[in-house]
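The structure appears below as structure tokens.
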Amino acid sequence: MNREGRGATTPITTGSAAPHTFTGNRALELEEGLIFEIGRTDVTGVDIEDAGDFTPRLGGHERKADLGLPGLAEPEAMRHYVRLSRMNYGIDSGLFPLGSCTMKHNPRLNEKMARLPGFADVHPLQPVSTVQGALALIKELSRWLLSLTGMEAVAFTPKAGAHGELCGMMAIKAAHIANGQKRHIVLVPESAHGTNPATAALIGYEVKSIPARADGTVDPAAVKAALTPEVAALMLTNPNTCGLFERDVVEIAEAVHAAGAYFYADGANFNAILGKVKVGELGVDAMHINLHKTFSTPHGGGGPGAGPVVLSKALAPFAPVPAIVADGAGLKLVEDEGEAGAVQALGRMSAFHGQMGMFVRAMAWMLSHGADGMKQASEDAVLSANYIRACLGDVMSVPFGERPAMHEALFDDAWLEGTGLSTLDIAKALIDEGYHPMTVYFPLVVHGAMLIEPTESESKASLDLFIGALRDLAFAAKAGEKERFLGAPHYAPRRRLDETRAARAPVLRWVKPQPLPEAAE
Amino acid sequence: MRYLPLTPEDRTEMLARIGAPSVDALFADIPAAKLDPALADLPAHKTELSVERTLGALSAQNVPAGSVPFFVGAGAYRHHVPATVDHLIQRSEFLTSYTPYQPEIAQGTLQYLFEFQTQVGELTGMEVANASMYDGSTAAAEAVLMAHRVTKRRKAVVAGNVHPHYRETIATLSLYADDAVVALSPVPQGGEDILSAIDGETSCVVVQSPDVFGNIVDLKPIAEKAHAAGALLIAVFTEVVSLGLIEPPGAQGADIVVGEGQSIGNPLTFGGPYVGLFATRQKYVRQMPGRLAGETVDASGKRGFVLTLSTREQHIRREKATSNICTNSGLCALAFTIHLTLLGETGLRKLARLNHANACKLADKLAAVPGVQVLNSAFFNEFTLRVPGKAVDVIEKLAAKGVLGGVPYARLAPKAGLDDLILVAATEINTDEDRAAYAAALKEVLA
């Protein structure tokens, strides 16, 4: 979750004493062309058996034109992608404090387990008798999720958090339809992730915003005032995107239910309360769980994710297909809506059975932590966030500081007033310090937001160094060392990139350069 | 607890710095009665060795595709993936990075997404592609919603020969978005009459080629009729390797091309994670869902890449966004683009030709089994068998003999009344021995 808070970036060139190089490389910092510039269509990096002579049966649909796809020999390909990888920052490179996105340690055991042939090399449509272990794993993962949330059912097919939201909100719509209710409004607090209103709108709901009160949380009185018979659901993130626990959640849930609506919870911040509180006991009807956030499955530059949804008793009958049921000695996969008898499934969310590869990784993490470790992980994540807030509160401004933070610490830009610097400048200067910046300009409820989520993965020494870097930047900002910020990043593979230009005249693919016209005589 | 670096002393010092008497004080906003739930049914943490034993035992209960003669397709395909691919996607700077929100330190991700977008554009014969979707089926559903936005009509015509699970995914999303879907009946031998279903209210026609039965479909007349009626043609594929050999949908008049990219670079993994491909014409780019990487320059004039056109997206537009999608299949797209770069034009064409050759050989071999009929005249690497009796039983009996022989169509669509059809896929992994084993086992099962 991130937003850029200013318009066109101003090109700023700073004098550098370092000499130019012929290649454009700078020792270990290597420039790399596009595959279309370095590859050739007659080069291939794989040896493929010859098909031999045969008569094609393509019915006259053979491809006539060239594909125009470049190939690289294996050593070239290895180098291309290794060089690209070195222009990236990952959680294995250093602290990655993206609030609301949750970047924690990705254990390599997870990767090893996901690559076991019984998980990686099984087809979704091979006979069910040959995939009993895969079904058992999904069933066991479901059991853990239900136990941790105190809910009734799991829909495991959604492929990402936002897809899970869609599933949960469809279940709510299906339940209203089944009850003969025509409700068309969904309440969404203004601090919500953008996916919440987008999801509700996607399936035809009108979105009504609920403002936050002065302390950063949702006022139950505001919810009650908005609860009309047209309201289908409330979508609430808890802990919310300000890093605060919605302390009136039980009262809010009761009001929502009393009005005949359902309570959807955005589970993106589940990692703060894992093993500490069961959301089912707070009155939640549906909540998606981002496995890649809470249970450490790596997010690989933007995906894949996995967004299983837990459902309350009221919504359990509306889970999508497929489902797994115990059938005598074995496990059975219910793939057809009609097959389930009493089940009023909402339909199918995607072709197959969800993100098995992510399920295995999440299960490996859960087993490694156990119930005791997950509780400790939540406590450490919350402790670390509060520690950061406590250590920076004297130099940066803290909105809603009167309430304990949960897993993330929120700052705004009031402390930058008069410096001529913005939140974005702080973020870019942090890059030069060797850190991925925090989430900036989100949540929208505070001005120039900086949202820092350290998670449970950082040692105290790591937190102290990060705090030291931010304190130093804060002092430098206040001391007027503008060049350190406005020119930042100075040391990244690229200086500040012109995002406005990219959006105004989009170049979304490589295009073969036209040959130069011949010079006129 | 090897993943938690804080020591008890650290925790004490940190609490003192915060000024909190205990960790529980930090959870003070949670109603006390709800705190500390009993998790008696969940075990305590396990050692690495113990986790390996537990998950290893579950894995061992499955039959991996690589351990048997294997011919299962219908939307997911087993191909050989070069070792380099898996090594490279496990480079931690790729594996453990997030969405490239800070482009200056995410050029690796952004550049490969730009390369991926170009490759997908070339393969499909389209002008622009996005940086991937969850999978082919959800991409198809999003394409239908996009066609509704473009045409301002809300009725989709979905061909009967589209993969039933794709049809269901489209129907689910359309139903809850209050849109209409006209679904035609399947025609296993191809030649279904799509043209007569198109009318002046049609927003889009969804056609799969090769279709779920393996038939290659001529998209041109459908595109013509659709365009004449003011509708868009959405072309779907589930086997992307086919595009190495057959005419791309873009050259046949498709307006949106969506499909599954798992076949290149990605393992089967029981159905996910996969990689959805999505491409369209330049003029519709602002209606396209999903992420886009675009080229720009940095402050010192060097070429660089950023996520762009984000004003279409949920984090800016909220309830007015083109979709609610917030993530893509970045790492799967990386596997796809690495494998495709290793193949190149030459390798992909060769791979596609080998797939087709193996399918032709297999079709001939199986058609020679008494009682078995191959329904297709034109196909790529997948075809449909008609067997005497119930296909589900035949497949189970084959599995008992150690051959995974395909997908009974009735498993995908139990109500279609097509209980005697098996969808069979052949790829480069199949050997002469595999084909002989299949034919022999089928002969015994049907005897």
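Starting from 1 in every chain, residues are counted up; chains themselves are A, B, ... following the order of the structure tokens, and ligands are numbered from 1 as listed.
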Would you give me, as JSON lines, each residue of range 282-379 of chain A having an atom within 10 Å of an atom of range 1-23 of chain B, along with its shortest atom pair and that distance in Å to one decimal, using only C-alpha atoms and sorting by chain and residue number?
```
{"residue": "A:Trp365", "atom": "CA", "partner": "B:Tyr3", "partner_atom": "CA", "distance": 9.4}
{"residue": "A:Ser368", "atom": "CA", "partner": "B:Met1", "partner_atom": "CA", "distance": 8.0}
{"residue": "A:His369", "atom": "CA", "partner": "B:Met1", "partner_atom": "CA", "distance": 6.9}
{"residue": "A:Gly370", "atom": "CA", "partner": "B:Met1", "partner_atom": "CA", "distance": 9.5}
{"residue": "A:Asp372", "atom": "CA", "partner": "B:Met1", "partner_atom": "CA", "distance": 9.4}
{"residue": "A:Gly373", "atom": "CA", "partner": "B:Met1", "partner_atom": "CA", "distance": 6.7}
{"residue": "A:Met374", "atom": "CA", "partner": "B:Met1", "partner_atom": "CA", "distance": 9.9}
{"residue": "A:Gln376", "atom": "CA", "partner": "B:Leu4", "partner_atom": "CA", "distance": 8.3}
{"residue": "A:Ala377", "atom": "CA", "partner": "B:Leu4", "partner_atom": "CA", "distance": 7.0}
{"residue": "A:Glu379", "atom": "CA", "partner": "B:Val23", "partner_atom": "CA", "distance": 6.8}
```
Would you mind exporting N, CA, C and O atoms of the selected residues as a compact mmCIF listing (two decimals), in the first residue's frame?
```txt
# COMPACT_ATOMS: atom_id res chain seq x y z
N TRP A 365 5.23 -22.56 7.98
CA TRP A 365 5.47 -21.47 8.95
C TRP A 365 4.66 -21.71 10.23
O TRP A 365 5.16 -21.54 11.33
N SER A 368 6.18 -24.49 12.22
CA SER A 368 7.44 -24.05 12.81
C SER A 368 7.20 -23.18 14.04
O SER A 368 7.95 -23.25 15.01
N HIS A 369 6.17 -22.36 13.99
CA HIS A 369 5.88 -21.48 15.13
C HIS A 369 5.03 -22.16 16.19
O HIS A 369 5.23 -21.93 17.39
N GLY A 370 4.03 -22.93 15.75
CA GLY A 370 3.10 -23.51 16.69
C GLY A 370 2.25 -22.43 17.34
O GLY A 370 2.44 -21.23 17.11
N ASP A 372 2.22 -21.47 20.40
CA ASP A 372 3.03 -20.63 21.29
C ASP A 372 3.85 -19.61 20.51
O ASP A 372 3.91 -18.43 20.87
N GLY A 373 4.43 -20.03 19.42
CA GLY A 373 5.28 -19.14 18.64
C GLY A 373 4.49 -18.07 17.92
O GLY A 373 4.97 -16.94 17.74
N MET A 374 3.30 -18.41 17.48
CA MET A 374 2.50 -17.40 16.77
C MET A 374 2.09 -16.28 17.72
O MET A 374 2.09 -15.10 17.37
N GLN A 376 3.77 -15.41 20.35
CA GLN A 376 5.01 -14.64 20.59
C GLN A 376 5.32 -13.72 19.41
O GLN A 376 5.76 -12.58 19.60
N ALA A 377 5.06 -14.21 18.20
CA ALA A 377 5.32 -13.40 17.02
C ALA A 377 4.46 -12.13 17.02
O ALA A 377 4.94 -11.03 16.74
N GLU A 379 3.18 -10.66 19.62
CA GLU A 379 3.64 -9.79 20.71
C GLU A 379 4.91 -9.05 20.32
O GLU A 379 5.07 -7.86 20.58
```
What's the 12 Å shell around Lys152 in chain B, counting only C-alpha atoms, without same-chain residues fewer than 3 positions away, as a list in words? Val144, Leu145, Met146, Ala147, His148, Arg149, Lys155, Ala156, Asp179, Gly200, Glu201, Thr202, Ser203, Cys204, Gly230, Ala231, Leu232 and Gln287 of chain B
Please write the residues from the selection above to a file, keeping C-alpha atoms, as a PDB file, in the first residue's frame.
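Here's the written file out01.pdb:
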```
ATOM      1  CA  VAL B 144     -15.765  -9.642 -19.510  1.00  0.00           C
ATOM      2  CA  LEU B 145     -16.164  -6.802 -16.983  1.00  0.00           C
ATOM      3  CA  MET B 146     -13.733  -4.723 -19.039  1.00  0.00           C
ATOM      4  CA  ALA B 147     -15.775  -5.329 -22.193  1.00  0.00           C
ATOM      5  CA  HIS B 148     -18.841  -4.092 -20.311  1.00  0.00           C
ATOM      6  CA  ARG B 149     -16.995  -0.875 -19.441  1.00  0.00           C
ATOM      7  CA  LYS B 155     -24.490  -9.024 -21.806  1.00  0.00           C
ATOM      8  CA  ALA B 156     -21.690 -11.473 -22.514  1.00  0.00           C
ATOM      9  CA  ASP B 179     -24.489  -8.533 -15.466  1.00  0.00           C
ATOM     10  CA  GLY B 200     -27.082  -5.661 -30.705  1.00  0.00           C
ATOM     11  CA  GLU B 201     -26.989  -5.984 -26.915  1.00  0.00           C
ATOM     12  CA  THR B 202     -23.943  -8.214 -26.817  1.00  0.00           C
ATOM     13  CA  SER B 203     -20.944  -6.597 -25.126  1.00  0.00           C
ATOM     14  CA  CYS B 204     -18.524  -9.387 -25.858  1.00  0.00           C
ATOM     15  CA  GLY B 230     -20.533  -3.409 -31.768  1.00  0.00           C
ATOM     16  CA  ALA B 231     -19.253  -6.176 -29.493  1.00  0.00           C
ATOM     17  CA  LEU B 232     -15.709  -7.178 -28.545  1.00  0.00           C
ATOM     18  CA  GLN B 287      -9.873   0.181 -19.115  1.00  0.00           C
TER      19      GLN B 287
END
```
Quick one: residues within 10 Å of Glu192 in chain B, only C-alpha atoms counted, chain neighbours fewer than 3 positions away excluded, as a short mmCIF file (atom, residue, chain, number, x, y, z; two decimals) with N, CA, C and O atoms, in the first residue's frame?
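Ended up saving to around.cif:
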```
data_model
loop_
_atom_site.label_atom_id
_atom_site.label_comp_id
_atom_site.auth_asym_id
_atom_site.auth_seq_id
_atom_site.Cartn_x
_atom_site.Cartn_y
_atom_site.Cartn_z
N ALA B 159 -18.96 -18.94 -25.27
CA ALA B 159 -19.03 -20.15 -26.09
C ALA B 159 -19.13 -21.40 -25.23
O ALA B 159 -18.59 -21.45 -24.13
N GLY B 160 -19.79 -22.41 -25.77
CA GLY B 160 -19.95 -23.66 -25.04
C GLY B 160 -18.66 -24.43 -24.87
O GLY B 160 -18.53 -25.26 -23.97
N ASN B 161 -17.69 -24.14 -25.75
CA ASN B 161 -16.45 -24.90 -25.70
C ASN B 161 -15.36 -24.22 -24.88
O ASN B 161 -14.20 -24.60 -24.95
N LEU B 184 -23.55 -20.83 -24.15
CA LEU B 184 -23.96 -21.80 -25.16
C LEU B 184 -23.64 -23.23 -24.67
O LEU B 184 -22.93 -23.41 -23.70
N SER B 185 -24.16 -24.21 -25.40
CA SER B 185 -23.92 -25.61 -25.01
C SER B 185 -22.64 -26.12 -25.66
O SER B 185 -22.29 -25.71 -26.77
N PRO B 186 -21.94 -27.02 -24.97
CA PRO B 186 -20.70 -27.54 -25.54
C PRO B 186 -20.94 -28.41 -26.79
O PRO B 186 -21.94 -29.12 -26.86
N VAL B 187 -20.01 -28.29 -27.74
CA VAL B 187 -20.05 -29.10 -28.96
C VAL B 187 -18.69 -29.78 -29.10
O VAL B 187 -17.75 -29.18 -29.64
N PRO B 188 -18.54 -30.99 -28.58
CA PRO B 188 -17.21 -31.61 -28.48
C PRO B 188 -16.46 -31.70 -29.81
O PRO B 188 -15.24 -31.62 -29.83
N GLN B 189 -17.18 -31.87 -30.91
CA GLN B 189 -16.46 -32.01 -32.18
C GLN B 189 -16.20 -30.68 -32.87
O GLN B 189 -15.76 -30.64 -34.00
N LEU B 195 -22.11 -17.49 -33.93
CA LEU B 195 -22.53 -16.29 -34.65
C LEU B 195 -23.97 -15.91 -34.37
O LEU B 195 -24.30 -14.74 -34.20
N VAL B 217 -9.99 -23.19 -33.16
CA VAL B 217 -11.17 -22.47 -33.64
C VAL B 217 -10.74 -21.32 -34.56
O VAL B 217 -9.79 -20.61 -34.25
#
```
Selection: 10 Å around Asn381 in chain B, only C-alpha atoms, excl. self and same-chain fewer than 5 positions, as number ranges by chain: B: 73, 77, 210, 214-215, 239, 241-242, 352-360, 362-363, 424-428
Give me a file of those residues, with C-alpha atoms, as a compact mmCIF listing (two decimals), in the first residue's frame.
```
# COMPACT_ATOMS: atom_id res chain seq x y z
CA GLY B 73 -4.32 -31.25 -19.08
CA TYR B 77 0.03 -28.63 -18.32
CA PRO B 210 -7.71 -24.37 -28.72
CA GLY B 214 -8.67 -29.37 -28.01
CA ASN B 215 -10.22 -28.02 -31.25
CA GLU B 239 -2.21 -23.71 -23.24
CA VAL B 241 2.64 -23.06 -25.78
CA SER B 242 0.08 -23.40 -28.58
CA ALA B 352 5.38 -26.26 -29.79
CA ARG B 353 6.12 -28.49 -32.76
CA LEU B 354 7.28 -31.30 -30.47
CA ASN B 355 4.11 -31.00 -28.39
CA HIS B 356 1.97 -31.20 -31.50
CA ALA B 357 3.95 -34.15 -32.87
CA ASN B 358 3.60 -36.05 -29.58
CA ALA B 359 -0.13 -35.36 -29.50
CA CYS B 360 -0.54 -36.63 -33.08
CA LEU B 362 -0.67 -40.34 -29.09
CA ALA B 363 -3.97 -39.73 -30.86
CA VAL B 424 -6.12 -36.04 -23.13
CA ALA B 425 -3.01 -33.86 -23.22
CA ALA B 426 0.41 -34.68 -24.61
CA THR B 427 3.53 -32.59 -24.08
CA GLU B 428 7.26 -32.93 -24.63
```
Would you give me, as CSV, each residue of range 163-281 of chain A having an atom within 10 Å of an atom of range 36-40 of chain B, along with its shortest atom pair and that distance in Å to one decimal, using only C-alpha atoms and sorting by chain and residue number?
```
residue,atom,partner,partner_atom,distance
A:Ile273,CA,B:Asp36,CA,9.5
A:Leu274,CA,B:Asp36,CA,9.7
A:Gly275,CA,B:Pro37,CA,6.7
A:Lys276,CA,B:Asp36,CA,4.6
A:Val277,CA,B:Pro37,CA,5.6
A:Lys278,CA,B:Pro37,CA,6.5
A:Glu281,CA,B:Pro37,CA,9.6
```
Excluding Asn240 in chain A and its own-chain neighbours fewer than 5 positions away, which residues fall within 8 Å of it when counting only C-alpha atoms? Please give them as a PyMOL selection string. chain A and resi 191-192+217+245-246+269
Next, dump the selected residues to file, keeping only all heavy atoms, as a short mmCIF file (atom, residue, chain, number, x, y, z; two decimals), in the first residue's frame.
```
data_model
loop_
_atom_site.label_atom_id
_atom_site.label_comp_id
_atom_site.auth_asym_id
_atom_site.auth_seq_id
_atom_site.Cartn_x
_atom_site.Cartn_y
_atom_site.Cartn_z
N SER A 191 -10.45 5.19 6.46
CA SER A 191 -9.08 4.70 6.61
C SER A 191 -8.86 3.35 5.93
O SER A 191 -7.77 2.81 5.97
CB SER A 191 -8.74 4.58 8.10
OG SER A 191 -9.54 3.58 8.70
N ALA A 192 -9.90 2.80 5.30
CA ALA A 192 -9.81 1.45 4.74
C ALA A 192 -8.84 1.38 3.57
O ALA A 192 -8.59 2.36 2.88
CB ALA A 192 -11.18 0.99 4.27
N THR A 217 -9.91 6.05 15.32
CA THR A 217 -10.71 4.83 15.21
C THR A 217 -12.14 5.18 14.79
O THR A 217 -12.52 6.35 14.74
CB THR A 217 -10.74 4.06 16.56
OG1 THR A 217 -11.29 4.91 17.57
CG2 THR A 217 -9.35 3.61 16.95
N PHE A 245 -6.04 -0.58 17.36
CA PHE A 245 -7.10 -1.57 17.49
C PHE A 245 -8.43 -0.84 17.66
O PHE A 245 -8.54 0.09 18.45
CB PHE A 245 -6.85 -2.49 18.69
CG PHE A 245 -7.76 -3.68 18.71
CD1 PHE A 245 -7.44 -4.83 18.01
CD2 PHE A 245 -8.96 -3.65 19.41
CE1 PHE A 245 -8.29 -5.92 18.00
CE2 PHE A 245 -9.83 -4.73 19.40
CZ PHE A 245 -9.49 -5.88 18.70
N GLU A 246 -9.41 -1.26 16.87
CA GLU A 246 -10.74 -0.64 16.98
C GLU A 246 -11.37 -1.13 18.26
O GLU A 246 -11.99 -2.20 18.32
CB GLU A 246 -11.59 -1.02 15.75
CG GLU A 246 -11.08 -0.49 14.44
CD GLU A 246 -11.38 1.01 14.25
OE1 GLU A 246 -12.07 1.60 15.10
OE2 GLU A 246 -10.88 1.58 13.25
N ASN A 269 -4.22 -7.07 8.55
CA ASN A 269 -3.39 -6.82 9.74
C ASN A 269 -3.56 -7.89 10.81
O ASN A 269 -3.33 -7.64 12.00
CB ASN A 269 -3.72 -5.43 10.31
CG ASN A 269 -3.41 -4.32 9.31
OD1 ASN A 269 -2.57 -4.49 8.43
ND2 ASN A 269 -4.10 -3.21 9.43
#
```
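Taking CA of Ala131 in chain B as the reference point, CA of Leu72 in chain A is found at 21.4 Å.
Atom pair CA of Leu42 in chain B / CA of Leu315 in chain A has a distance of 24.5 Å (rounded to one decimal).
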Considering only strand (DSSP E) as DSSP defines it on the backbone, what residues of range 89-261 of chain B qualify? List them as JSON, numbers by chain. {"B": [128, 129, 155, 156, 157, 158, 180, 181, 182, 183, 202, 203, 204, 205, 206, 207, 208, 232, 233, 234, 235, 236, 237, 256, 257, 258, 259, 260]}
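With only C-alpha atoms as the atoms that count, the minimum distance from Asp218 in chain B to the choices A:Leu58, A:Val250, A:Leu148, A:Val43 is reached by A:Leu58.
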Quick one: residues within 7 Å of range 298-300 of chain A, only C-alpha atoms counted, chain neighbours fewer than 6 positions away excluded, as a PyMOL selection string? (chain A and resi 106+292) or (chain B and resi 94-98+330-331)
Helix (DSSP H, G or I) per DSSP on the backbone: members of range 51-118 of chain A, as a ChimeraX atom specification: /A:74-85,108-114,117-118
Counting only C-alpha atoms, what is within 8 Å of Ala319 in chain A, bar same-chain residues fewer than 6 positions away, as a VMD selection string? chain A and resid 153 to 155 167 171 311 344 to 346
If you measure from CA of Ala183 in chain B to CA of Val157 in chain B, what distance in Å do you get, rounded to one decimal?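 According to the coordinates, CA of Ala183 in chain B and CA of Val157 in chain B are separated by 6.0 Å.
Of the listed residues (A:Pro211, A:Pro75, A:Gly305, A:Pro127), A:Gly305 comes nearest to Ala160 in chain A; the distances count only C-alpha atoms.
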Hey, could you make a per-residue contact list for range 104-208 of chain B against range 258-272 of chain B with 6 Å as the cut-off, showing the nearest pair of atoms and its distance in Å to one decimal, counting only C-alpha atoms, sorted by chain and number, as CSV?
```
residue,atom,partner,partner_atom,distance
B:Asp135,CA,B:Glu260,CA,5.8
B:Gly136,CA,B:Glu260,CA,4.1
B:Ala140,CA,B:Val258,CA,5.9
```
Resulting file, chosen residues, C-alpha atoms, as a short mmCIF file (atom, residue, chain, number, x, y, z; two decimals), in the first residue's frame:
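The result, stored in again17.cif:
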```
data_model
loop_
_atom_site.label_atom_id
_atom_site.label_comp_id
_atom_site.auth_asym_id
_atom_site.auth_seq_id
_atom_site.Cartn_x
_atom_site.Cartn_y
_atom_site.Cartn_z
CA ASP B 135 -4.69 -16.94 -13.40
CA GLY B 136 -6.41 -17.51 -16.73
CA ALA B 140 -11.26 -14.13 -18.37
#
```
